[in-house]
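Shown next: upload.cif, given as mmCIF, C-alpha atoms.
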```cif
data_start
loop_
_atom_site.label_atom_id
_atom_site.label_comp_id
_atom_site.auth_asym_id
_atom_site.auth_seq_id
_atom_site.Cartn_x
_atom_site.Cartn_y
_atom_site.Cartn_z
CA MET A 1 100.78 56.13 164.73
CA SER A 2 102.70 58.69 166.71
CA VAL A 3 104.93 61.13 164.86
CA SER A 4 107.25 63.42 166.78
CA ARG A 5 108.28 66.94 165.84
CA VAL A 6 111.78 68.33 166.12
CA THR A 7 112.30 71.39 168.30
CA THR A 8 115.31 73.51 169.04
CA ALA A 9 116.75 73.96 172.51
CA SER A 10 114.86 77.24 172.82
CA GLY A 11 111.58 75.53 171.99
CA GLY A 12 111.30 76.71 168.38
CA LYS A 13 111.03 74.39 165.41
CA ALA A 14 114.35 73.44 163.88
CA GLY A 15 114.87 74.20 160.22
CA ALA A 16 111.47 75.82 159.67
CA LYS A 17 109.78 79.16 159.70
CA PRO A 18 108.58 80.12 163.18
CA ASP A 19 105.10 78.63 162.94
CA GLY A 20 105.95 75.57 160.83
CA PRO A 21 106.54 72.10 162.30
CA VAL A 22 109.22 69.81 160.97
CA TRP A 23 108.48 66.10 160.96
CA ALA A 24 111.18 64.03 162.62
CA ASP A 25 110.62 61.15 160.17
CA ASP A 26 110.56 61.68 156.42
CA CYS A 27 107.30 61.20 154.52
CA ILE A 28 108.54 58.09 152.70
CA ALA A 29 109.22 56.25 155.96
CA ARG A 30 105.85 57.32 157.36
CA ALA A 31 104.06 56.07 154.25
CA HIS A 32 105.82 52.70 154.50
CA ALA A 33 104.92 52.48 158.20
CA LEU A 34 101.22 53.00 157.45
CA ALA A 35 101.13 50.61 154.48
CA PRO A 36 100.14 47.43 156.40
CA ARG A 37 97.27 49.25 158.10
CA ILE A 38 96.07 50.62 154.77
CA ALA A 39 96.38 47.25 153.02
CA GLU A 40 94.23 45.65 155.70
CA ALA A 41 91.56 48.32 155.16
CA ALA A 42 91.66 48.15 151.35
CA PRO A 43 88.63 45.83 150.89
CA GLN A 44 86.51 48.05 153.13
CA ILE A 45 87.73 51.17 151.32
CA GLU A 46 86.62 49.66 148.03
CA ALA A 47 83.24 48.59 149.45
CA LEU A 48 82.56 52.02 150.98
CA ARG A 49 83.87 53.87 147.89
CA GLU A 50 85.83 56.15 150.22
CA LEU A 51 88.65 55.96 152.72
CA THR A 52 87.72 54.63 156.13
CA PRO A 53 87.71 57.04 159.09
CA ASP A 54 90.56 55.06 160.64
CA VAL A 55 92.74 55.43 157.54
CA VAL A 56 91.93 59.14 157.18
CA GLY A 57 92.84 59.69 160.83
CA ALA A 58 96.10 57.78 160.45
CA LEU A 59 97.05 59.77 157.35
CA HIS A 60 96.40 63.01 159.20
CA GLN A 61 98.38 61.84 162.20
CA ALA A 62 101.31 61.00 159.94
CA GLY A 63 101.09 64.37 158.18
CA LEU A 64 100.69 62.77 154.76
CA PHE A 65 97.95 65.15 153.60
CA ARG A 66 100.34 68.06 154.24
CA MET A 67 103.41 66.87 152.35
CA LEU A 68 103.24 69.71 149.81
CA LEU A 69 101.92 72.42 152.11
CA PRO A 70 104.40 75.26 152.86
CA ARG A 71 106.39 74.91 156.07
CA SER A 72 105.17 78.36 157.04
CA LEU A 73 101.68 76.85 157.33
CA GLY A 74 102.71 73.74 159.25
CA GLY A 75 103.30 71.63 156.16
CA GLU A 76 106.26 69.55 155.12
CA GLU A 77 107.09 71.22 151.78
CA ALA A 78 108.61 67.92 150.70
CA THR A 79 110.66 67.59 147.56
CA PRO A 80 108.68 66.22 144.59
CA GLU A 81 110.89 63.14 144.65
CA ALA A 82 110.10 62.36 148.29
CA PHE A 83 106.41 63.07 147.69
CA VAL A 84 106.19 60.70 144.72
CA LEU A 85 108.08 57.94 146.55
CA ALA A 86 105.71 58.28 149.51
CA ILE A 87 102.74 58.05 147.14
CA GLU A 88 104.28 54.96 145.53
CA ALA A 89 104.60 53.34 148.97
CA LEU A 90 100.91 54.02 149.71
CA ALA A 91 99.90 52.67 146.29
CA LYS A 92 101.57 49.35 147.01
CA ALA A 93 99.05 48.98 149.83
CA ASP A 94 95.99 50.56 148.20
CA ALA A 95 95.82 52.65 145.05
CA SER A 96 92.67 54.54 146.10
CA THR A 97 94.33 55.76 149.28
CA ALA A 98 97.42 56.85 147.35
CA TRP A 99 95.25 58.63 144.78
CA CYS A 100 93.33 60.60 147.42
CA VAL A 101 96.52 61.63 149.20
CA ALA A 102 98.22 62.62 145.93
CA GLN A 103 95.25 64.59 144.61
CA THR A 104 94.50 66.53 147.79
CA SER A 105 98.18 67.14 148.54
CA ILE A 106 98.65 68.73 145.13
CA CYS A 107 95.50 70.79 145.66
CA SER A 108 97.17 72.15 148.80
CA THR A 109 99.88 73.81 146.71
CA LEU A 110 97.28 76.53 146.08
CA ALA A 111 98.38 77.79 149.48
CA ALA A 112 101.46 79.27 147.83
CA SER A 113 99.20 81.66 145.90
CA LEU A 114 97.08 82.82 148.84
CA LYS A 115 97.88 85.60 151.27
CA PRO A 116 99.38 83.93 154.36
CA GLU A 117 96.50 84.90 156.65
CA VAL A 118 93.99 83.45 154.15
CA ALA A 119 96.04 80.30 153.62
CA ARG A 120 96.16 79.70 157.38
CA LYS A 121 92.37 79.82 157.49
CA VAL A 122 91.92 77.40 154.59
CA PHE A 123 94.65 74.99 155.63
CA ALA A 124 93.94 74.79 159.33
CA GLU A 125 94.90 71.56 161.06
CA ARG A 126 93.40 68.50 159.35
CA SER A 127 91.87 70.63 156.62
CA ILE A 128 91.76 69.09 153.12
CA ILE A 129 90.94 70.77 149.83
CA ALA A 130 89.72 68.91 146.73
CA TRP A 131 88.75 69.84 143.19
CA GLY A 132 87.69 68.59 139.79
CA PRO A 133 89.31 69.65 136.50
CA PHE A 134 88.59 72.85 134.59
CA SER A 135 85.06 73.21 133.26
CA PRO A 136 84.68 75.47 130.18
CA LYS A 137 80.91 75.58 130.78
CA ALA A 138 81.38 77.10 134.24
CA LYS A 139 81.67 80.83 134.71
CA ALA A 140 83.09 83.35 137.12
CA VAL A 141 81.33 86.67 136.71
CA ALA A 142 83.31 89.62 138.06
CA CYS A 143 81.53 91.68 140.69
CA PRO A 144 82.61 94.20 143.35
CA GLY A 145 84.97 92.43 145.76
CA GLY A 146 85.07 89.09 143.99
CA TYR A 147 83.29 86.77 141.58
CA ARG A 148 79.95 85.01 141.30
CA ILE A 149 80.68 81.38 140.46
CA ALA A 150 78.34 78.95 138.71
CA GLY A 151 79.02 75.54 137.20
CA ALA A 152 79.59 71.85 137.76
CA TRP A 153 82.82 69.86 138.07
CA ASN A 154 83.59 66.13 138.07
CA PHE A 155 86.26 63.81 139.48
CA ALA A 156 86.75 65.48 142.87
CA SER A 157 88.92 62.75 144.36
CA GLY A 158 89.14 62.83 148.15
CA SER A 159 86.29 65.33 148.41
CA ARG A 160 84.39 63.19 150.91
CA HIS A 161 87.09 64.00 153.46
CA ALA A 162 87.57 67.64 152.42
CA ALA A 163 86.46 70.84 154.12
CA TRP A 164 87.06 73.00 151.03
CA LEU A 165 86.54 72.71 147.29
CA ALA A 166 88.11 74.64 144.44
CA ALA A 167 86.63 75.45 141.04
CA HIS A 168 88.50 76.38 137.88
CA CYS A 169 86.54 78.44 135.39
CA PRO A 170 86.70 81.17 132.72
CA VAL A 171 86.12 84.77 133.78
CA THR A 172 83.32 86.94 132.43
CA GLU A 173 83.05 90.67 133.00
CA ALA A 174 79.93 92.07 134.65
CA ASP A 175 78.60 93.12 131.23
CA GLY A 176 78.92 89.58 129.86
CA ARG A 177 82.14 90.05 127.88
CA PRO A 178 84.84 87.41 128.34
CA ARG A 179 87.86 88.71 130.24
CA LEU A 180 91.00 88.34 128.16
CA ASN A 181 94.66 88.06 129.10
CA ALA A 182 97.29 90.36 127.59
CA ASP A 183 97.93 87.79 124.85
CA GLY A 184 94.24 87.64 123.93
CA SER A 185 93.55 84.28 125.56
CA GLN A 186 90.61 83.64 127.88
CA ALA A 187 91.31 84.60 131.50
CA GLU A 188 90.71 81.80 133.99
CA ILE A 189 90.64 81.68 137.77
CA THR A 190 90.55 79.16 140.58
CA ALA A 191 88.05 79.94 143.34
CA ILE A 192 88.11 78.30 146.79
CA PHE A 193 84.99 77.89 148.91
CA PRO A 194 83.64 75.70 151.74
CA LYS A 195 82.39 72.30 150.62
CA ALA A 196 79.12 73.06 152.41
CA SER A 197 78.44 75.71 149.75
CA ALA A 198 78.28 73.10 146.98
CA THR A 199 75.79 70.45 145.95
CA ILE A 200 77.52 67.06 145.87
CA THR A 201 76.42 64.31 143.49
CA ASP A 202 77.38 60.75 144.45
CA ASN A 203 78.11 59.34 141.00
CA TRP A 204 81.39 57.51 141.57
CA HIS A 205 80.37 54.02 140.38
CA VAL A 206 83.39 52.84 138.42
CA VAL A 207 85.55 49.83 137.57
CA GLY A 208 88.70 50.84 139.48
CA LEU A 209 90.00 53.28 142.09
CA LYS A 210 86.59 52.82 143.66
CA GLY A 211 87.71 54.06 147.06
CA THR A 212 88.59 57.57 145.87
CA GLY A 213 84.99 58.82 146.13
CA SER A 214 85.61 61.10 143.15
CA ASP A 215 82.15 62.68 143.19
CA SER A 216 80.83 65.63 141.19
CA TYR A 217 79.89 69.00 142.68
CA ALA A 218 78.10 72.15 141.59
CA VAL A 219 77.45 75.70 142.74
CA SER A 220 75.04 78.35 141.51
CA ASP A 221 75.65 82.11 141.82
CA LEU A 222 78.09 81.61 144.70
CA LEU A 223 79.89 84.78 145.77
CA VAL A 224 83.60 84.13 146.27
CA PRO A 225 85.71 87.04 147.58
CA ASP A 226 88.85 88.11 145.72
CA GLU A 227 91.11 86.87 148.50
CA MET A 228 89.87 83.31 147.87
CA THR A 229 90.72 83.38 144.15
CA MET A 230 93.86 83.28 142.02
CA ASN A 231 95.06 82.74 138.47
CA ALA A 232 93.82 79.27 137.45
CA TYR A 233 95.62 76.48 139.30
CA GLY A 234 97.95 79.05 140.89
CA ARG A 235 100.20 78.83 137.84
CA ASP A 236 101.18 82.51 137.75
CA PRO A 237 104.68 82.68 139.32
CA ASP A 238 104.30 86.40 140.00
CA GLY A 239 101.21 85.71 142.10
CA LYS A 240 102.93 83.38 144.56
CA TYR A 241 103.68 84.25 148.18
CA GLU A 242 105.87 81.15 148.56
CA ARG A 243 109.01 81.06 146.43
CA GLY A 244 110.50 77.66 147.31
CA PRO A 245 111.53 75.37 144.43
CA LEU A 246 108.58 73.06 145.08
CA TYR A 247 106.25 75.84 143.96
CA GLY A 248 108.13 76.14 140.68
CA PHE A 249 106.34 72.93 139.70
CA THR A 250 102.88 73.26 138.15
CA VAL A 251 100.00 71.15 139.42
CA PHE A 252 99.99 69.35 136.07
CA GLN A 253 103.60 68.29 136.53
CA LEU A 254 102.92 67.11 140.07
CA PHE A 255 99.80 65.23 138.99
CA ALA A 256 101.67 63.52 136.18
CA ALA A 257 104.55 62.47 138.44
CA SER A 258 102.44 61.32 141.39
CA PHE A 259 99.95 59.37 139.27
CA ALA A 260 102.93 57.68 137.63
CA GLY A 261 104.16 56.87 141.14
CA ILE A 262 100.78 55.28 141.88
CA ALA A 263 101.06 53.19 138.72
CA LEU A 264 104.55 52.05 139.72
CA GLY A 265 103.31 51.13 143.20
CA ILE A 266 100.46 49.05 141.78
CA ALA A 267 102.83 47.31 139.38
CA ARG A 268 105.39 46.60 142.11
CA SER A 269 102.87 44.97 144.43
CA THR A 270 101.29 43.00 141.57
CA LEU A 271 104.63 41.70 140.36
CA ASP A 272 105.66 40.76 143.90
CA ALA A 273 102.40 38.86 144.34
CA PHE A 274 102.96 37.00 141.10
CA THR A 275 106.53 36.08 142.05
CA ASP A 276 105.22 34.58 145.28
CA LEU A 277 102.54 32.70 143.34
CA ALA A 278 105.04 31.38 140.79
CA LYS A 279 107.12 29.86 143.58
CA ALA A 280 104.14 27.94 144.95
CA LYS A 281 101.63 27.21 142.16
CA THR A 282 101.60 24.16 139.94
CA PRO A 283 99.41 24.94 136.92
CA THR A 284 96.58 22.55 136.08
CA GLY A 285 98.04 19.71 134.05
CA GLY A 286 101.59 20.82 134.77
CA LYS A 287 104.39 18.84 136.34
CA GLY A 288 106.37 21.66 137.87
CA LEU A 289 105.93 25.02 139.52
CA LEU A 290 105.16 28.13 137.50
CA ARG A 291 108.65 29.43 138.18
CA ASP A 292 110.16 26.45 136.33
CA ASN A 293 108.55 27.55 133.06
CA ALA A 294 110.99 29.30 130.71
CA VAL A 295 108.30 31.64 129.40
CA ILE A 296 107.45 32.74 132.94
CA GLN A 297 111.13 33.29 133.69
CA SER A 298 111.47 35.53 130.62
CA GLN A 299 108.30 37.43 131.47
CA ILE A 300 109.56 38.14 134.98
CA GLY A 301 112.91 39.26 133.61
CA VAL A 302 111.31 41.67 131.14
CA ALA A 303 108.78 42.98 133.69
CA GLU A 304 111.41 43.66 136.34
CA THR A 305 113.53 45.47 133.76
CA GLN A 306 110.59 47.57 132.55
CA LEU A 307 109.65 48.57 136.07
CA ALA A 308 113.18 49.38 137.22
CA ALA A 309 113.98 51.47 134.13
CA ALA A 310 110.72 53.43 134.33
CA ARG A 311 111.19 54.15 138.02
CA VAL A 312 114.79 55.36 137.60
CA PHE A 313 113.79 57.65 134.73
CA LEU A 314 110.97 59.19 136.78
CA ILE A 315 113.06 59.76 139.91
CA ASP A 316 116.02 61.12 137.96
CA SER A 317 113.73 63.55 136.09
CA LEU A 318 112.19 64.79 139.34
CA ARG A 319 115.60 65.33 140.93
CA ALA A 320 116.97 67.20 137.92
CA MET A 321 113.94 69.44 137.59
CA PHE A 322 113.93 70.25 141.30
CA GLU A 323 117.57 71.29 141.08
CA GLU A 324 116.75 73.64 138.21
CA ALA A 325 113.78 75.02 140.16
CA ARG A 326 116.15 76.05 142.95
CA SER A 327 117.59 78.76 140.72
CA GLY A 328 114.54 79.71 138.67
CA MET A 329 112.01 78.39 136.19
CA PRO A 330 112.94 74.91 134.90
CA THR A 331 113.76 74.81 131.21
CA ILE A 332 111.35 73.42 128.64
CA GLU A 333 113.80 70.58 128.04
CA ARG A 334 113.74 69.62 131.72
CA ARG A 335 109.95 69.88 131.89
CA MET A 336 109.62 67.72 128.80
CA MET A 337 111.87 65.07 130.32
CA LEU A 338 109.52 64.88 133.31
CA ARG A 339 106.54 64.56 130.99
CA MET A 340 108.30 61.74 129.14
CA ALA A 341 109.25 59.97 132.36
CA ALA A 342 105.77 60.20 133.88
CA SER A 343 103.96 59.04 130.74
CA ASN A 344 106.43 56.22 130.22
CA ALA A 345 106.18 55.04 133.84
CA THR A 346 102.40 54.80 133.71
CA HIS A 347 102.36 52.81 130.48
CA GLN A 348 105.22 50.52 131.51
CA ALA A 349 103.50 49.85 134.85
CA LYS A 350 100.29 48.92 133.07
CA ALA A 351 102.21 46.50 130.84
CA VAL A 352 103.80 44.87 133.90
CA VAL A 353 100.44 44.42 135.63
CA ASP A 354 98.92 42.95 132.47
CA THR A 355 101.79 40.48 132.22
CA ALA A 356 101.46 39.35 135.83
CA TYR A 357 97.66 39.17 135.71
CA HIS A 358 97.56 36.98 132.61
CA ALA A 359 100.48 34.80 133.74
CA ALA A 360 98.66 34.10 137.03
CA GLY A 361 95.86 32.35 135.15
CA ALA A 362 92.50 31.73 136.83
CA THR A 363 94.02 32.58 140.20
CA ALA A 364 93.94 36.25 139.20
CA ILE A 365 90.17 36.50 138.75
CA PHE A 366 89.22 35.84 142.38
CA GLU A 367 88.60 38.79 144.69
CA GLY A 368 90.43 37.09 147.54
CA ASN A 369 93.70 37.05 145.59
CA PRO A 370 95.96 40.10 145.13
CA PHE A 371 95.47 40.61 141.40
CA GLU A 372 92.00 41.58 140.19
CA ARG A 373 91.64 44.83 142.18
CA ARG A 374 95.10 45.97 141.14
CA PHE A 375 94.29 45.04 137.53
CA ARG A 376 91.17 47.23 137.66
CA ASP A 377 93.01 50.03 139.42
CA ILE A 378 95.89 50.23 136.93
CA HIS A 379 93.47 50.29 134.02
CA THR A 380 91.63 53.16 135.69
CA VAL A 381 94.87 55.05 136.33
CA SER A 382 95.77 54.65 132.66
CA GLN A 383 92.43 56.13 131.54
CA GLN A 384 92.94 59.57 133.13
CA VAL A 385 94.23 62.54 131.18
CA GLN A 386 97.76 62.51 132.63
CA ALA A 387 98.25 59.03 131.15
CA HIS A 388 96.55 59.62 127.81
CA TYR A 389 98.59 58.30 124.91
CA SER A 390 98.13 61.60 123.07
CA LEU A 391 100.72 63.09 125.45
CA PHE A 392 103.37 61.31 123.42
CA GLU A 393 102.20 63.50 120.54
CA SER A 394 103.26 66.56 122.54
CA ILE A 395 106.61 64.91 123.23
CA GLY A 396 107.06 64.30 119.53
CA GLN A 397 106.12 67.89 118.76
CA TYR A 398 108.88 69.08 121.09
CA PHE A 399 111.55 67.04 119.31
CA LEU A 400 110.22 68.20 115.94
CA ASP A 401 110.38 71.88 116.97
CA LEU A 402 106.62 72.35 116.74
CA PRO A 403 104.45 74.61 118.97
CA LEU A 404 103.54 73.13 122.37
CA HIS A 405 100.52 73.57 124.61
CA PRO A 406 101.86 74.90 127.95
CA LYS A 407 99.50 72.67 129.91
CA PHE A 408 101.36 69.57 128.78
CA ILE A 409 104.86 70.70 129.70
#
```
Exercise: express the given structure as structure tokens:
Amino acid sequence: MSVSRVTTASGGKAGAKPDGPVWADDCIARAHALAPRIAEAAPQIEALRELTPDVVGALHQAGLFRMLLPRSLGGEEATPEAFVLAIEALAKADASTAWCVAQTSICSTLAASLKPEVARKVFAERSIIAWGPFSPKAKAVACPGGYRIAGAWNFASGSRHAAWLAAHCPVTEADGRPRLNADGSQAEITAIFPKASATITDNWHVVGLKGTGSDSYAVSDLLVPDEMTMNAYGRDPDGKYERGPLYGFTVFQLFAASFAGIALGIARSTLDAFTDLAKAKTPTGGKGLLRDNAVIQSQIGVAETQLAAARVFLIDSLRAMFEEARSGMPTIERRMMLRMAASNATHQAKAVVDTAYHAAGATAIFEGNPFERRFRDIHTVSQQVQAHYSLFESIGQYFLDLPLHPKFI
């Protein structure tokens, strides 16, 4: 797929910093354009447990791994709304592909917390960074010029196509004492290093999202220089070199929203497949088509309503929070609305897929039909931490004026 770049009459890039390209087509359109190619590759992606080289190359060519990278580094710096809608479009074709693009794109927001010359080295053309979640058993021991990192991390989605890994871990002083923040909490950092420095364990044998290749990785006494580290997840606003509103979002907020977008994409494609089936299938022992059944008609009506309402809530929350981020830190109320919208979208999408899967009957259990893989994928999406039902507890705590954990808002 060929994607053009816009240039000014003088040869510079229009609407960007001097060294940053601007894509002529928006990321949503490019994701839709690639969807048929990705859908065709989906069975192979699942069998390989990683994206195919052809799909990876096409995603790079379309700039979809660089949607959240700063324009100053050749990225798109897309709005969160556009990013999530692009991810949703990919998920309609293949959830594993969408998951890898979402995860590694969000990892690339670390660039905002690196010195520009360091960020350019890490995020060179076609360079991907991946990570697994924080590991309390890992450690970063302070030493002259940097840290010595040791530990193991799981769930590094997209790492098979990455050049760099990141590790999130607590900091220990050289004398063994834990480093503490001003408020007395444990200090944590994110360290970036070449994937070649880590030991990779191929342990991604799972029920759904098989194509994400979310392997584990480990390092032992790896020296990481200061310039390749930052406050954990780059969440310190004072440590950012990029000040655009996109970088007012935390990685947790972007993960929640994009994974909800993946759930909505899975649900949309599943519901569309069932609608097509209902127009053509006569159930065993039945006299009419599935669509003639009043129960099926009601189920479709409820499912379409669930999906539409969840999608509108998510998009509206992203738009409103981005507008607040233009003028400063979004309010807790706005951040909580996004948490509500993302959690709701994931659970509503799962309910829609369950409805379509069960209504399809025995047709849904065959690999050659468009149901069973999506059923497994949505149930895997709903198992990860950003979809955990306990998040509704945090939402309830907010409305009851109780203390909140900052990670969840």
Minimum-distance residue to Thr229 (chain A), chosen among A:Asp183, A:Glu367, A:Asp276, A:Glu188 (using all atoms listed in the file):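 For Thr229 (chain A), the nearest of the given residues is A:Glu188.
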I need the output of the PyMOL selection byres ((chain A and resi 84) around 10) for this file as a list in words; which residues are they? Cys27, Ile28, Ala78, Thr79, Pro80, Glu81, Ala82, Phe83, Leu85, Ala86, Ile87, Glu88, Ala89, Leu90, Ala98, Ala102, Leu254, Phe255, Ala257, Ser258, Phe259, Ala260, Gly261, Ile262, Leu314, Ile315 and Leu318 of chain A
Please list as a VMD selection string every residue within 9 Å of Glu304 (chain A), counting only C-alpha atoms and excluding residues in the same chain fewer than 3 positions away. chain A and resid 268 271 299 to 301 307 to 309 352
The residues within 8 Å of (103.3, 77.2, 141.3), using only C-alpha atoms and the coordinates of the file, should be reported as an MDAnalysis selection string; which are they? chainID A and resid 109:110 112:113 233:237 240 246:251
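Atom pair CA of Ala359 (chain A) / CA of Ala91 (chain A): separated by 21.8 Å.
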All heavy atoms modelled onto region 128-137 of chain A, as a PDB file, keeping the file's coordinate frame:
```pdb
ATOM      1  N   ILE A 128      91.441  69.607 154.453  1.00  0.00           N
ATOM      2  CA  ILE A 128      91.760  69.090 153.120  1.00  0.00           C
ATOM      3  C   ILE A 128      90.981  69.883 152.088  1.00  0.00           C
ATOM      4  O   ILE A 128      89.832  70.264 152.308  1.00  0.00           O
ATOM      5  CB  ILE A 128      91.376  67.591 153.013  1.00  0.00           C
ATOM      6  CG1 ILE A 128      92.217  66.752 153.972  1.00  0.00           C
ATOM      7  CG2 ILE A 128      91.548  67.078 151.583  1.00  0.00           C
ATOM      8  CD1 ILE A 128      91.785  65.304 154.034  1.00  0.00           C
ATOM      9  N   ILE A 129      91.615  70.128 150.949  1.00  0.00           N
ATOM     10  CA  ILE A 129      90.940  70.770 149.830  1.00  0.00           C
ATOM     11  C   ILE A 129      90.949  69.817 148.643  1.00  0.00           C
ATOM     12  O   ILE A 129      91.928  69.097 148.427  1.00  0.00           O
ATOM     13  CB  ILE A 129      91.609  72.118 149.472  1.00  0.00           C
ATOM     14  CG1 ILE A 129      90.839  72.841 148.372  1.00  0.00           C
ATOM     15  CG2 ILE A 129      93.059  71.933 149.081  1.00  0.00           C
ATOM     16  CD1 ILE A 129      91.299  74.266 148.140  1.00  0.00           C
ATOM     17  N   ALA A 130      89.839  69.787 147.898  1.00  0.00           N
ATOM     18  CA  ALA A 130      89.720  68.910 146.730  1.00  0.00           C
ATOM     19  C   ALA A 130      89.145  69.708 145.569  1.00  0.00           C
ATOM     20  O   ALA A 130      88.543  70.768 145.759  1.00  0.00           O
ATOM     21  CB  ALA A 130      88.821  67.711 147.049  1.00  0.00           C
ATOM     22  N   TRP A 131      89.333  69.184 144.357  1.00  0.00           N
ATOM     23  CA  TRP A 131      88.750  69.840 143.190  1.00  0.00           C
ATOM     24  C   TRP A 131      88.578  68.855 142.058  1.00  0.00           C
ATOM     25  O   TRP A 131      89.114  67.751 142.062  1.00  0.00           O
ATOM     26  CB  TRP A 131      89.595  71.030 142.747  1.00  0.00           C
ATOM     27  CG  TRP A 131      90.921  70.735 142.077  1.00  0.00           C
ATOM     28  CD1 TRP A 131      91.178  69.813 141.106  1.00  0.00           C
ATOM     29  CD2 TRP A 131      92.165  71.418 142.300  1.00  0.00           C
ATOM     30  NE1 TRP A 131      92.486  69.868 140.711  1.00  0.00           N
ATOM     31  CE2 TRP A 131      93.117  70.848 141.417  1.00  0.00           C
ATOM     32  CE3 TRP A 131      92.550  72.468 143.132  1.00  0.00           C
ATOM     33  CZ2 TRP A 131      94.436  71.274 141.358  1.00  0.00           C
ATOM     34  CZ3 TRP A 131      93.868  72.894 143.068  1.00  0.00           C
ATOM     35  CH2 TRP A 131      94.797  72.315 142.205  1.00  0.00           C
ATOM     36  N   GLY A 132      87.791  69.280 141.061  1.00  0.00           N
ATOM     37  CA  GLY A 132      87.690  68.590 139.790  1.00  0.00           C
ATOM     38  C   GLY A 132      88.353  69.441 138.725  1.00  0.00           C
ATOM     39  O   GLY A 132      88.647  70.618 138.950  1.00  0.00           O
ATOM     40  N   PRO A 133      88.612  68.901 137.541  1.00  0.00           N
ATOM     41  CA  PRO A 133      89.310  69.650 136.500  1.00  0.00           C
ATOM     42  C   PRO A 133      88.502  70.817 135.946  1.00  0.00           C
ATOM     43  O   PRO A 133      87.294  70.937 136.181  1.00  0.00           O
ATOM     44  CB  PRO A 133      89.568  68.591 135.419  1.00  0.00           C
ATOM     45  CG  PRO A 133      88.559  67.530 135.669  1.00  0.00           C
ATOM     46  CD  PRO A 133      88.318  67.512 137.138  1.00  0.00           C
ATOM     47  N   PHE A 134      89.184  71.654 135.197  1.00  0.00           N
ATOM     48  CA  PHE A 134      88.590  72.850 134.590  1.00  0.00           C
ATOM     49  C   PHE A 134      87.317  72.525 133.827  1.00  0.00           C
ATOM     50  O   PHE A 134      87.240  71.529 133.114  1.00  0.00           O
ATOM     51  CB  PHE A 134      89.614  73.496 133.655  1.00  0.00           C
ATOM     52  CG  PHE A 134      89.128  74.717 132.943  1.00  0.00           C
ATOM     53  CD1 PHE A 134      89.134  75.954 133.580  1.00  0.00           C
ATOM     54  CD2 PHE A 134      88.662  74.646 131.642  1.00  0.00           C
ATOM     55  CE1 PHE A 134      88.686  77.094 132.925  1.00  0.00           C
ATOM     56  CE2 PHE A 134      88.219  75.777 130.979  1.00  0.00           C
ATOM     57  CZ  PHE A 134      88.236  77.008 131.620  1.00  0.00           C
ATOM     58  N   SER A 135      86.318  73.381 133.971  1.00  0.00           N
ATOM     59  CA  SER A 135      85.060  73.210 133.260  1.00  0.00           C
ATOM     60  C   SER A 135      84.812  74.443 132.389  1.00  0.00           C
ATOM     61  O   SER A 135      84.527  75.524 132.906  1.00  0.00           O
ATOM     62  CB  SER A 135      83.896  73.034 134.241  1.00  0.00           C
ATOM     63  OG  SER A 135      82.660  73.020 133.546  1.00  0.00           O
ATOM     64  N   PRO A 136      84.895  74.304 131.061  1.00  0.00           N
ATOM     65  CA  PRO A 136      84.680  75.470 130.180  1.00  0.00           C
ATOM     66  C   PRO A 136      83.252  75.996 130.234  1.00  0.00           C
ATOM     67  O   PRO A 136      82.990  77.144 129.856  1.00  0.00           O
ATOM     68  CB  PRO A 136      85.028  74.924 128.794  1.00  0.00           C
ATOM     69  CG  PRO A 136      84.844  73.439 128.900  1.00  0.00           C
ATOM     70  CD  PRO A 136      85.222  73.082 130.311  1.00  0.00           C
ATOM     71  N   LYS A 137      82.307  75.148 130.702  1.00  0.00           N
ATOM     72  CA  LYS A 137      80.910  75.580 130.780  1.00  0.00           C
ATOM     73  C   LYS A 137      80.623  76.344 132.075  1.00  0.00           C
ATOM     74  O   LYS A 137      79.552  76.934 132.214  1.00  0.00           O
ATOM     75  CB  LYS A 137      79.981  74.370 130.672  1.00  0.00           C
ATOM     76  CG  LYS A 137      80.044  73.675 129.316  1.00  0.00           C
ATOM     77  CD  LYS A 137      79.072  72.507 129.241  1.00  0.00           C
ATOM     78  CE  LYS A 137      79.136  71.841 127.878  1.00  0.00           C
ATOM     79  NZ  LYS A 137      78.191  70.687 127.788  1.00  0.00           N
TER      80      LYS A 137
END
```
